[in-house]
$ cat start38.csv   # CSV, N, CA and C atoms and all ligand atoms
chain,number,residue,atom,x,y,z
A,1,MET,N,-2.4,-28.4,10.4
A,1,MET,CA,-1.4,-28.2,9.3
A,1,MET,C,-0.5,-27.1,9.8
A,2,LYS,N,0.8,-27.3,9.6
A,2,LYS,CA,1.8,-26.3,10.0
A,2,LYS,C,1.7,-25.1,9.0
A,3,LEU,N,1.6,-23.9,9.5
A,3,LEU,CA,1.4,-22.8,8.6
A,3,LEU,C,2.8,-22.2,8.1
A,4,SER,N,3.7,-22.1,9.1
A,4,SER,CA,4.9,-21.3,8.8
A,4,SER,C,5.8,-21.9,7.7
A,5,GLY,N,5.9,-21.2,6.6
A,5,GLY,CA,6.7,-21.6,5.5
A,5,GLY,C,6.1,-22.7,4.7
A,6,SER,N,4.8,-23.0,4.9
A,6,SER,CA,4.2,-24.2,4.3
A,6,SER,C,4.1,-24.0,2.7
A,7,PHE,N,4.2,-22.8,2.2
A,7,PHE,CA,4.1,-22.6,0.8
A,7,PHE,C,5.4,-22.1,0.2
A,8,LYS,N,6.5,-22.2,1.0
A,8,LYS,CA,7.8,-21.9,0.5
A,8,LYS,C,8.2,-22.9,-0.7
A,9,GLY,N,8.7,-22.3,-1.8
A,9,GLY,CA,9.1,-23.1,-2.9
A,9,GLY,C,7.9,-23.6,-3.8
A,10,THR,N,6.7,-23.1,-3.5
A,10,THR,CA,5.6,-23.5,-4.3
A,10,THR,C,5.2,-22.2,-5.1
A,11,PRO,N,4.3,-22.3,-6.1
A,11,PRO,CA,3.9,-21.1,-6.8
A,11,PRO,C,3.1,-20.1,-5.9
A,12,PHE,N,2.6,-20.6,-4.8
A,12,PHE,CA,1.9,-19.7,-3.8
A,12,PHE,C,2.8,-18.8,-3.1
A,13,GLU,N,4.1,-19.2,-3.0
A,13,GLU,CA,5.0,-18.4,-2.1
A,13,GLU,C,5.0,-16.9,-2.6
A,14,LYS,N,5.2,-16.6,-3.9
A,14,LYS,CA,5.2,-15.3,-4.3
A,14,LYS,C,3.8,-14.6,-4.2
A,15,VAL,N,2.8,-15.4,-4.4
A,15,VAL,CA,1.4,-14.8,-4.3
A,15,VAL,C,1.2,-14.3,-2.9
A,16,PHE,N,1.6,-15.2,-1.9
A,16,PHE,CA,1.3,-14.8,-0.5
A,16,PHE,C,2.3,-13.7,-0.1
A,17,GLU,N,3.5,-13.7,-0.6
A,17,GLU,CA,4.4,-12.6,-0.4
A,17,GLU,C,3.8,-11.2,-0.8
A,18,GLY,N,3.3,-11.3,-2.1
A,18,GLY,CA,2.6,-10.1,-2.6
A,18,GLY,C,1.4,-9.7,-1.8
A,19,ALA,N,0.6,-10.6,-1.4
A,19,ALA,CA,-0.5,-10.3,-0.6
A,19,ALA,C,-0.1,-9.7,0.8
A,20,ALA,N,1.0,-10.2,1.4
A,20,ALA,CA,1.4,-9.7,2.6
A,20,ALA,C,1.8,-8.2,2.5
A,21,ASN,N,2.5,-7.9,1.4
A,21,ASN,CA,3.0,-6.5,1.1
A,21,ASN,C,1.8,-5.6,0.9
A,22,LEU,N,0.8,-6.1,0.1
A,22,LEU,CA,-0.4,-5.2,-0.1
A,22,LEU,C,-1.1,-5.0,1.2
A,23,GLU,N,-1.2,-6.0,2.0
A,23,GLU,CA,-1.9,-5.8,3.3
A,23,GLU,C,-1.1,-4.9,4.2
A,24,ALA,N,0.2,-5.0,4.2
A,24,ALA,CA,1.0,-4.0,5.0
A,24,ALA,C,0.8,-2.6,4.5
A,25,GLN,N,0.6,-2.4,3.2
A,25,GLN,CA,0.3,-1.1,2.7
A,25,GLN,C,-1.0,-0.6,3.3
A,26,GLY,N,-2.0,-1.5,3.4
A,26,GLY,CA,-3.3,-1.2,4.0
A,26,GLY,C,-3.1,-0.8,5.4
A,27,VAL,N,-2.2,-1.4,6.2
A,27,VAL,CA,-2.0,-1.0,7.6
A,27,VAL,C,-1.5,0.5,7.6
A,28,GLU,N,-0.6,0.8,6.7
A,28,GLU,CA,0.0,2.2,6.7
A,28,GLU,C,-1.1,3.1,6.3
A,29,THR,N,-1.9,2.8,5.3
A,29,THR,CA,-2.9,3.7,4.8
A,29,THR,C,-4.0,4.0,5.8
A,30,TYR,N,-4.5,2.9,6.5
A,30,TYR,CA,-5.6,3.1,7.4
A,30,TYR,C,-5.1,3.8,8.7
A,31,TYR,N,-3.9,3.5,9.1
A,31,TYR,CA,-3.4,4.3,10.3
A,31,TYR,C,-3.2,5.8,9.9
A,32,ALA,N,-2.8,6.0,8.7
A,32,ALA,CA,-2.7,7.4,8.2
A,32,ALA,C,-4.0,8.1,8.2
A,33,MET,N,-5.0,7.3,7.7
A,33,MET,CA,-6.4,7.9,7.6
A,33,MET,C,-6.9,8.1,9.0
A,34,ALA,N,-6.6,7.3,9.9
A,34,ALA,CA,-7.0,7.5,11.3
A,34,ALA,C,-6.4,8.8,11.9
A,35,GLN,N,-5.1,9.0,11.5
A,35,GLN,CA,-4.5,10.2,11.9
A,35,GLN,C,-5.2,11.5,11.4
A,36,VAL,N,-5.5,11.4,10.1
A,36,VAL,CA,-6.2,12.5,9.5
A,36,VAL,C,-7.6,12.7,10.1
A,37,ALA,N,-8.3,11.6,10.4
A,37,ALA,CA,-9.6,11.7,11.0
A,37,ALA,C,-9.5,12.4,12.4
A,38,GLU,N,-8.5,12.0,13.1
A,38,GLU,CA,-8.2,12.5,14.5
A,38,GLU,C,-7.9,14.0,14.4
A,39,GLU,N,-7.1,14.4,13.4
A,39,GLU,CA,-6.8,15.8,13.1
A,39,GLU,C,-8.0,16.6,12.8
A,40,ASN,N,-9.0,16.0,12.2
A,40,ASN,CA,-10.2,16.6,11.8
A,40,ASN,C,-11.3,16.6,13.0
A,41,GLY,N,-10.8,16.0,14.1
A,41,GLY,CA,-11.7,16.0,15.3
A,41,GLY,C,-12.7,14.9,15.2
A,42,ASN,N,-12.6,13.9,14.3
A,42,ASN,CA,-13.6,12.8,14.3
A,42,ASN,C,-13.0,11.6,14.9
A,43,GLU,N,-13.1,11.5,16.2
A,43,GLU,CA,-12.6,10.3,16.9
A,43,GLU,C,-13.3,9.0,16.6
A,44,ASP,N,-14.5,9.1,16.2
A,44,ASP,CA,-15.3,7.9,15.9
A,44,ASP,C,-14.7,7.3,14.6
A,45,MET,N,-14.5,8.1,13.6
A,45,MET,CA,-13.9,7.7,12.3
A,45,MET,C,-12.4,7.2,12.6
A,46,ALA,N,-11.7,7.9,13.4
A,46,ALA,CA,-10.3,7.5,13.7
A,46,ALA,C,-10.3,6.1,14.3
A,47,LYS,N,-11.2,5.8,15.2
A,47,LYS,CA,-11.3,4.5,15.8
A,47,LYS,C,-11.6,3.4,14.8
A,48,ALA,N,-12.5,3.7,13.9
A,48,ALA,CA,-12.9,2.7,12.8
A,48,ALA,C,-11.6,2.4,12.0
A,49,PHE,N,-10.9,3.5,11.6
A,49,PHE,CA,-9.8,3.3,10.7
A,49,PHE,C,-8.7,2.5,11.4
A,50,ARG,N,-8.5,2.8,12.7
A,50,ARG,CA,-7.5,2.0,13.5
A,50,ARG,C,-7.9,0.5,13.5
A,51,GLU,N,-9.1,0.2,13.6
A,51,GLU,CA,-9.6,-1.2,13.6
A,51,GLU,C,-9.3,-1.8,12.3
A,52,LEU,N,-9.6,-1.1,11.2
A,52,LEU,CA,-9.2,-1.6,9.8
A,52,LEU,C,-7.7,-1.9,9.7
A,53,ALA,N,-6.9,-0.9,10.2
A,53,ALA,CA,-5.5,-1.1,10.2
A,53,ALA,C,-5.1,-2.3,10.9
A,54,ARG,N,-5.7,-2.5,12.1
A,54,ARG,CA,-5.3,-3.7,12.9
A,54,ARG,C,-5.6,-5.0,12.2
A,55,GLN,N,-6.8,-5.0,11.6
A,55,GLN,CA,-7.1,-6.2,10.9
A,55,GLN,C,-6.2,-6.5,9.7
A,56,GLU,N,-5.9,-5.4,9.0
A,56,GLU,CA,-4.9,-5.6,7.8
A,56,GLU,C,-3.6,-6.1,8.3
A,57,ALA,N,-3.2,-5.7,9.5
A,57,ALA,CA,-1.9,-6.1,10.1
A,57,ALA,C,-1.9,-7.6,10.3
A,58,VAL,N,-3.1,-8.1,10.8
A,58,VAL,CA,-3.3,-9.5,11.0
A,58,VAL,C,-3.2,-10.3,9.7
A,59,HIS,N,-3.9,-9.7,8.7
A,59,HIS,CA,-3.9,-10.4,7.3
A,59,HIS,C,-2.4,-10.4,6.8
A,60,SER,N,-1.7,-9.3,6.9
A,60,SER,CA,-0.4,-9.2,6.4
A,60,SER,C,0.5,-10.3,7.1
A,61,GLY,N,0.5,-10.4,8.4
A,61,GLY,CA,1.3,-11.3,9.1
A,61,GLY,C,0.9,-12.8,8.8
A,62,TYR,N,-0.3,-13.0,8.5
A,62,TYR,CA,-0.7,-14.4,8.2
A,62,TYR,C,-0.1,-14.8,6.8
A,63,TYR,N,-0.3,-13.9,5.8
A,63,TYR,CA,0.3,-14.3,4.5
A,63,TYR,C,1.8,-14.4,4.6
A,64,ALA,N,2.4,-13.5,5.3
A,64,ALA,CA,3.9,-13.5,5.4
A,64,ALA,C,4.3,-14.8,6.1
A,65,THR,N,3.5,-15.3,7.0
A,65,THR,CA,3.9,-16.6,7.7
A,65,THR,C,3.8,-17.7,6.7
A,66,LEU,N,2.7,-17.8,5.9
A,66,LEU,CA,2.6,-18.8,4.9
A,66,LEU,C,3.8,-18.8,3.9
A,67,ALA,N,4.2,-17.6,3.5
A,67,ALA,CA,5.2,-17.4,2.5
A,67,ALA,C,6.6,-17.7,3.1
A,68,GLY,N,6.7,-17.9,4.4
A,68,GLY,CA,7.9,-18.3,5.0
A,68,GLY,C,8.8,-17.2,5.5
A,69,LEU,N,8.2,-16.1,5.9
A,69,LEU,CA,9.0,-14.9,6.4
A,69,LEU,C,9.9,-15.4,7.6
A,70,ILE,N,9.4,-16.2,8.5
A,70,ILE,CA,10.1,-16.5,9.7
A,70,ILE,C,10.9,-17.8,9.4
A,71,PRO,N,12.2,-17.8,9.5
A,71,PRO,CA,13.0,-19.0,9.3
A,71,PRO,C,12.9,-20.0,10.4
A,72,ASP,N,13.4,-21.2,10.1
A,72,ASP,CA,13.3,-22.3,11.1
A,72,ASP,C,14.1,-21.9,12.3
A,73,ASP,N,15.1,-21.1,12.2
A,73,ASP,CA,15.9,-20.7,13.3
A,73,ASP,C,15.1,-19.5,14.0
A,74,PHE,N,14.1,-19.8,14.6
A,74,PHE,CA,13.2,-18.8,15.2
A,74,PHE,C,13.9,-17.8,16.1
A,75,TRP,N,14.7,-18.4,17.1
A,75,TRP,CA,15.4,-17.6,18.1
A,75,TRP,C,16.5,-16.8,17.5
A,76,GLY,N,17.1,-17.3,16.4
A,76,GLY,CA,18.1,-16.5,15.7
A,76,GLY,C,17.4,-15.3,15.1
A,77,TYR,N,16.2,-15.5,14.6
A,77,TYR,CA,15.5,-14.4,14.0
A,77,TYR,C,15.0,-13.3,15.1
A,78,VAL,N,14.7,-13.8,16.3
A,78,VAL,CA,14.4,-12.9,17.4
A,78,VAL,C,15.6,-12.0,17.7
A,79,ASP,N,16.8,-12.7,17.7
A,79,ASP,CA,18.0,-11.9,18.0
A,79,ASP,C,18.2,-10.8,16.9
A,80,LYS,N,18.0,-11.2,15.7
A,80,LYS,CA,18.2,-10.3,14.5
A,80,LYS,C,17.2,-9.1,14.7
A,81,MET,N,16.0,-9.4,15.0
A,81,MET,CA,15.0,-8.4,15.2
A,81,MET,C,15.3,-7.5,16.4
A,82,ALA,N,15.8,-8.1,17.5
A,82,ALA,CA,16.2,-7.3,18.7
A,82,ALA,C,17.3,-6.3,18.3
A,83,GLU,N,18.3,-6.8,17.5
A,83,GLU,CA,19.3,-5.9,17.1
A,83,GLU,C,18.8,-4.8,16.2
A,84,GLY,N,17.9,-5.1,15.3
A,84,GLY,CA,17.3,-4.2,14.4
A,84,GLY,C,16.5,-3.1,15.1
A,85,GLU,N,15.9,-3.5,16.2
A,85,GLU,CA,15.1,-2.5,17.0
A,85,GLU,C,16.0,-1.5,17.7
A,86,ILE,N,17.2,-1.9,18.1
A,86,ILE,CA,18.2,-0.9,18.6
A,86,ILE,C,18.7,0.0,17.5
A,87,GLN,N,19.0,-0.5,16.4
A,87,GLN,CA,19.3,0.4,15.3
A,87,GLN,C,18.2,1.3,14.9
A,88,GLY,N,17.0,0.7,15.0
A,88,GLY,CA,15.8,1.6,14.7
A,88,GLY,C,15.7,2.7,15.7
A,89,GLN,N,15.9,2.4,17.0
A,89,GLN,CA,15.8,3.4,18.0
A,89,GLN,C,16.8,4.5,17.7
A,90,ASP,N,18.0,4.1,17.4
A,90,ASP,CA,19.1,5.2,17.1
A,90,ASP,C,18.7,6.0,15.9
A,91,GLN,N,18.2,5.4,14.9
A,91,GLN,CA,17.9,6.1,13.6
A,91,GLN,C,16.7,7.0,13.8
A,92,VAL,N,15.7,6.5,14.6
A,92,VAL,CA,14.5,7.3,14.8
A,92,VAL,C,14.8,8.5,15.7
A,93,MET,N,15.7,8.2,16.7
A,93,MET,CA,16.1,9.3,17.6
A,93,MET,C,16.9,10.4,16.8
A,94,GLU,N,17.7,10.0,15.9
A,94,GLU,CA,18.4,10.9,15.0
A,94,GLU,C,17.4,11.8,14.2
A,95,LEU,N,16.4,11.1,13.7
A,95,LEU,CA,15.4,11.8,12.9
A,95,LEU,C,14.7,12.8,13.8
A,96,SER,N,14.4,12.4,15.0
A,96,SER,CA,13.7,13.3,15.9
A,96,SER,C,14.6,14.6,16.2
A,97,ARG,N,15.9,14.4,16.3
A,97,ARG,CA,16.8,15.5,16.5
A,97,ARG,C,16.8,16.5,15.3
A,98,LYS,N,16.8,15.9,14.1
A,98,LYS,CA,16.8,16.7,12.9
A,98,LYS,C,15.5,17.5,12.8
A,99,VAL,N,14.4,16.8,13.1
A,99,VAL,CA,13.1,17.5,13.0
A,99,VAL,C,13.0,18.6,14.0
A,100,LYS,N,13.6,18.4,15.2
A,100,LYS,CA,13.6,19.4,16.3
A,100,LYS,C,14.4,20.6,15.8
A,101,GLU,N,15.6,20.3,15.3
A,101,GLU,CA,16.5,21.3,14.8
A,101,GLU,C,15.8,22.2,13.7
A,102,ALA,N,15.0,21.6,12.9
A,102,ALA,CA,14.3,22.3,11.9
A,102,ALA,C,13.1,23.1,12.4
A,103,GLY,N,12.9,23.0,13.7
A,103,GLY,CA,11.9,23.9,14.3
A,103,GLY,C,10.5,23.2,14.6
A,104,TYR,N,10.4,21.9,14.4
A,104,TYR,CA,9.1,21.2,14.6
A,104,TYR,C,9.1,20.5,15.9
A,105,GLY,N,9.1,21.2,17.0
A,105,GLY,CA,9.2,20.6,18.3
A,105,GLY,C,8.2,19.6,18.6
A,106,ASP,N,6.9,19.8,18.3
A,106,ASP,CA,5.8,18.9,18.7
A,106,ASP,C,6.0,17.5,18.0
A,107,ILE,N,6.3,17.7,16.7
A,107,ILE,CA,6.5,16.4,15.8
A,107,ILE,C,7.7,15.7,16.3
A,108,ALA,N,8.8,16.5,16.7
A,108,ALA,CA,10.0,15.8,17.2
A,108,ALA,C,9.7,15.0,18.4
A,109,ARG,N,8.9,15.6,19.3
A,109,ARG,CA,8.6,14.9,20.6
A,109,ARG,C,7.8,13.6,20.3
A,110,GLN,N,6.9,13.6,19.3
A,110,GLN,CA,6.2,12.4,18.9
A,110,GLN,C,7.1,11.3,18.4
A,111,ILE,N,8.1,11.8,17.5
A,111,ILE,CA,9.0,10.9,16.9
A,111,ILE,C,10.0,10.3,18.0
A,112,GLU,N,10.3,11.2,18.9
A,112,GLU,CA,11.1,10.7,20.0
A,112,GLU,C,10.5,9.6,20.8
A,113,LEU,N,9.2,9.7,21.0
A,113,LEU,CA,8.4,8.7,21.7
A,113,LEU,C,8.5,7.4,20.9
A,114,PHE,N,8.4,7.5,19.6
A,114,PHE,CA,8.5,6.3,18.7
A,114,PHE,C,9.9,5.6,18.9
A,115,ALA,N,10.9,6.5,18.9
A,115,ALA,CA,12.3,6.0,19.1
A,115,ALA,C,12.4,5.2,20.4
A,116,LYS,N,11.8,5.7,21.5
A,116,LYS,CA,11.8,5.0,22.8
A,116,LYS,C,11.0,3.7,22.7
A,117,GLN,N,10.0,3.7,21.9
A,117,GLN,CA,9.2,2.5,21.7
A,117,GLN,C,10.0,1.4,21.0
A,118,GLU,N,10.8,1.8,20.0
A,118,GLU,CA,11.7,0.9,19.3
A,118,GLU,C,12.6,0.2,20.3
A,119,GLY,N,13.2,1.0,21.2
A,119,GLY,CA,14.1,0.5,22.3
A,119,GLY,C,13.3,-0.4,23.2
A,120,GLY,N,12.0,-0.1,23.5
A,120,GLY,CA,11.2,-1.0,24.3
A,120,GLY,C,10.9,-2.3,23.6
A,121,HIS,N,10.8,-2.3,22.2
A,121,HIS,CA,10.7,-3.5,21.5
A,121,HIS,C,11.9,-4.5,21.7
A,122,ASN,N,13.0,-3.9,21.8
A,122,ASN,CA,14.3,-4.6,22.0
A,122,ASN,C,14.2,-5.3,23.4
A,123,VAL,N,13.7,-4.5,24.4
A,123,VAL,CA,13.6,-5.0,25.8
A,123,VAL,C,12.7,-6.2,25.8
A,124,ILE,N,11.5,-6.0,25.2
A,124,ILE,CA,10.5,-7.1,25.2
A,124,ILE,C,11.0,-8.4,24.5
A,125,LEU,N,11.7,-8.2,23.4
A,125,LEU,CA,12.2,-9.4,22.7
A,125,LEU,C,13.3,-10.1,23.5
A,126,ASN,N,14.1,-9.4,24.2
A,126,ASN,CA,15.1,-10.0,25.1
A,126,ASN,C,14.5,-10.7,26.3
A,127,ARG,N,13.4,-10.1,26.8
A,127,ARG,CA,12.7,-10.7,27.9
A,127,ARG,C,12.1,-12.0,27.5
A,128,LEU,N,11.5,-12.0,26.3
A,128,LEU,CA,10.9,-13.2,25.8
A,128,LEU,C,11.9,-14.3,25.6
A,129,LYS,N,13.1,-13.9,25.1
A,129,LYS,CA,14.2,-14.9,24.9
A,129,LYS,C,14.6,-15.5,26.2
A,130,THR,N,14.8,-14.6,27.2
A,130,THR,CA,15.2,-15.1,28.5
A,130,THR,C,14.2,-16.1,29.1
A,131,LYS,N,13.0,-15.8,28.9
A,131,LYS,CA,11.9,-16.6,29.5
A,131,LYS,C,11.6,-17.9,28.8
A,132,TYR,N,11.7,-17.8,27.4
A,132,TYR,CA,11.1,-18.9,26.7
A,132,TYR,C,12.1,-19.7,25.8
A,133,LYS,N,13.3,-19.2,25.5
A,133,LYS,CA,14.2,-19.9,24.6
A,133,LYS,C,14.7,-21.2,25.3
A,134,PRO,N,14.5,-22.3,24.6
A,134,PRO,CA,14.9,-23.6,25.1
A,134,PRO,C,16.5,-23.6,25.2
A,135,GLU,N,17.0,-24.2,26.3
A,135,GLU,CA,18.4,-24.3,26.5
A,135,GLU,C,19.1,-25.0,25.3
B,1,FE,FE,-7.0,-7.2,4.2
B,2,FE,FE,10.0,-1.7,16.4

$ encode --input "start38.csv" --output "structure tokens" --more "lines below"
Ligand SMILES: [Fe+2]
Ligand SMILES: [Fe+2]
Amino acid sequence: MKLSGSFKGTPFEKVFEGAANLEAQGVETYYAMAQVAEENGNEDMAKAFRELARQEAVHSGYYATLAGLIPDDFWGYVDKMAEGEIQGQDQVMELSRKVKEAGYGDIARQIELFAKQEGGHNVILNRLKTKYKPE
């Protein structure tokens, strides 16, 4: 059975959309808890929370797929995401600058790394497009 968008236009669409959002909040919460555990020097707990977060991310993506997050124009959506990643890179870099200006150098460096990762997401998406998009 085709999963993608299979519940679009049915009463399940909103249910799965809601489930996807709740699971995404779980991703956020568990990664934040991992961060706190790490801060408290408990790497074992941090590892467990990271695994919970990873599983919640899978759940979230599954429900979002059922609800039809990804349109039929898959490659068009890849382009849209690639563009968003560039904007993300610029916005996060700007945030890093502001945080640095405010005197939080270490945090600014971490956020700068995230900005570079957003740019890297763009590179990966474009690479996939070049390699796999049908002519
Ligand atoms: Fe879950
Ligand atoms: Fe990204």

$ closest_atom_pairs --input "start38.csv" --of "chain A" --to "ligand FE 2 (chain B)" --cutoff "7 Å" --atoms "all atoms listed in the file" --output "CSV"
residue,atom,partner,partner_atom,distance
A:Gly84,C,B:FE2,FE,6.8
A:Glu85,CA,B:FE2,FE,5.2
A:Gly88,CA,B:FE2,FE,6.9
A:Gln117,C,B:FE2,FE,5.5
A:Glu118,CA,B:FE2,FE,4.2
A:Gly119,N,B:FE2,FE,6.4
A:His121,CA,B:FE2,FE,5.5
A:Asn122,N,B:FE2,FE,6.6

$ closest_residue --input "start38.csv" --among "A:Lys2, A:Lys47, A:Lys98, A:His59" --to "ligand FE 1 (chain B)" --atoms "only N, CA and C atoms and all ligand atoms"
A:His59

$ closest_residue --input "start38.csv" --among "A:Ala115, A:Ala108, A:Ala67, A:Val92" --to "Lys14 of chain A" --atoms "all atoms listed in the file"
A:Ala67

$ closest_residue --input "start38.csv" --among "A:Asn21, A:Gln87, A:Gln55, A:Thr29" --to "ligand FE 1 (chain B)" --atoms "only N, CA and C atoms and all ligand atoms"
A:Gln55

$ atom_distance --input "start38.csv" --atom1 "atom CA of Glu43 of chain A" --atom2 "atom CA of Val27 of chain A"
18.1 Å

$ residues_around --input "start38.csv" --residues "Glu17 of chain A" --least-positions-apart "6" --cutoff "7 Å" --atoms "all atoms listed in the file" --output "list in words"
Tyr63, Ala64, Leu66 and Ala67 of chain A

$ closest_residue --input "start38.csv" --among "A:Ile124, A:Ile70, A:Met45, A:Ala24" --to "ligand FE 1 (chain B)" --atoms "only N, CA and C atoms and all ligand atoms"
A:Ala24

$ residues_near_ligand --input "start38.csv" --ligand "ligand FE 1 (chain B)" --cutoff "9 Å" --atoms "only C-alpha atoms and all ligand atoms" --output "list in words"
Ala19, Ala20, Leu22, Glu23, Ala24, Gly26, Val27, Leu52, Ala53, Gln55, Glu56, Ala57, Val58, His59 and Ser60 of chain A

$ atom_distance --input "start38.csv" --atom1 "atom N of Tyr62 of chain A" --atom2 "atom C of Tyr77 of chain A"
16.7 Å

$ atom_distance --input "start38.csv" --atom1 "atom N of Thr130 of chain A" --atom2 "atom C of Asp72 of chain A"
16.6 Å

$ select_by_dssp --input "start38.csv" --residues "chain A" --states "helix (DSSP H, G or I)" --output "ChimeraX atom specification"
/A:12-39,43-67,74-101,105-132

$ closest_residue --input "start38.csv" --among "A:Asp73, A:Gly68, A:Ala102, A:Ala46" --to "Gly5 of chain A" --atoms "only C-alpha atoms"
A:Gly68

$ closest_residue --input "start38.csv" --among "A:Phe7, A:Phe74, A:Phe49, A:Tyr132" --to "Ala34 of chain A" --atoms "all atoms listed in the file"
A:Phe49
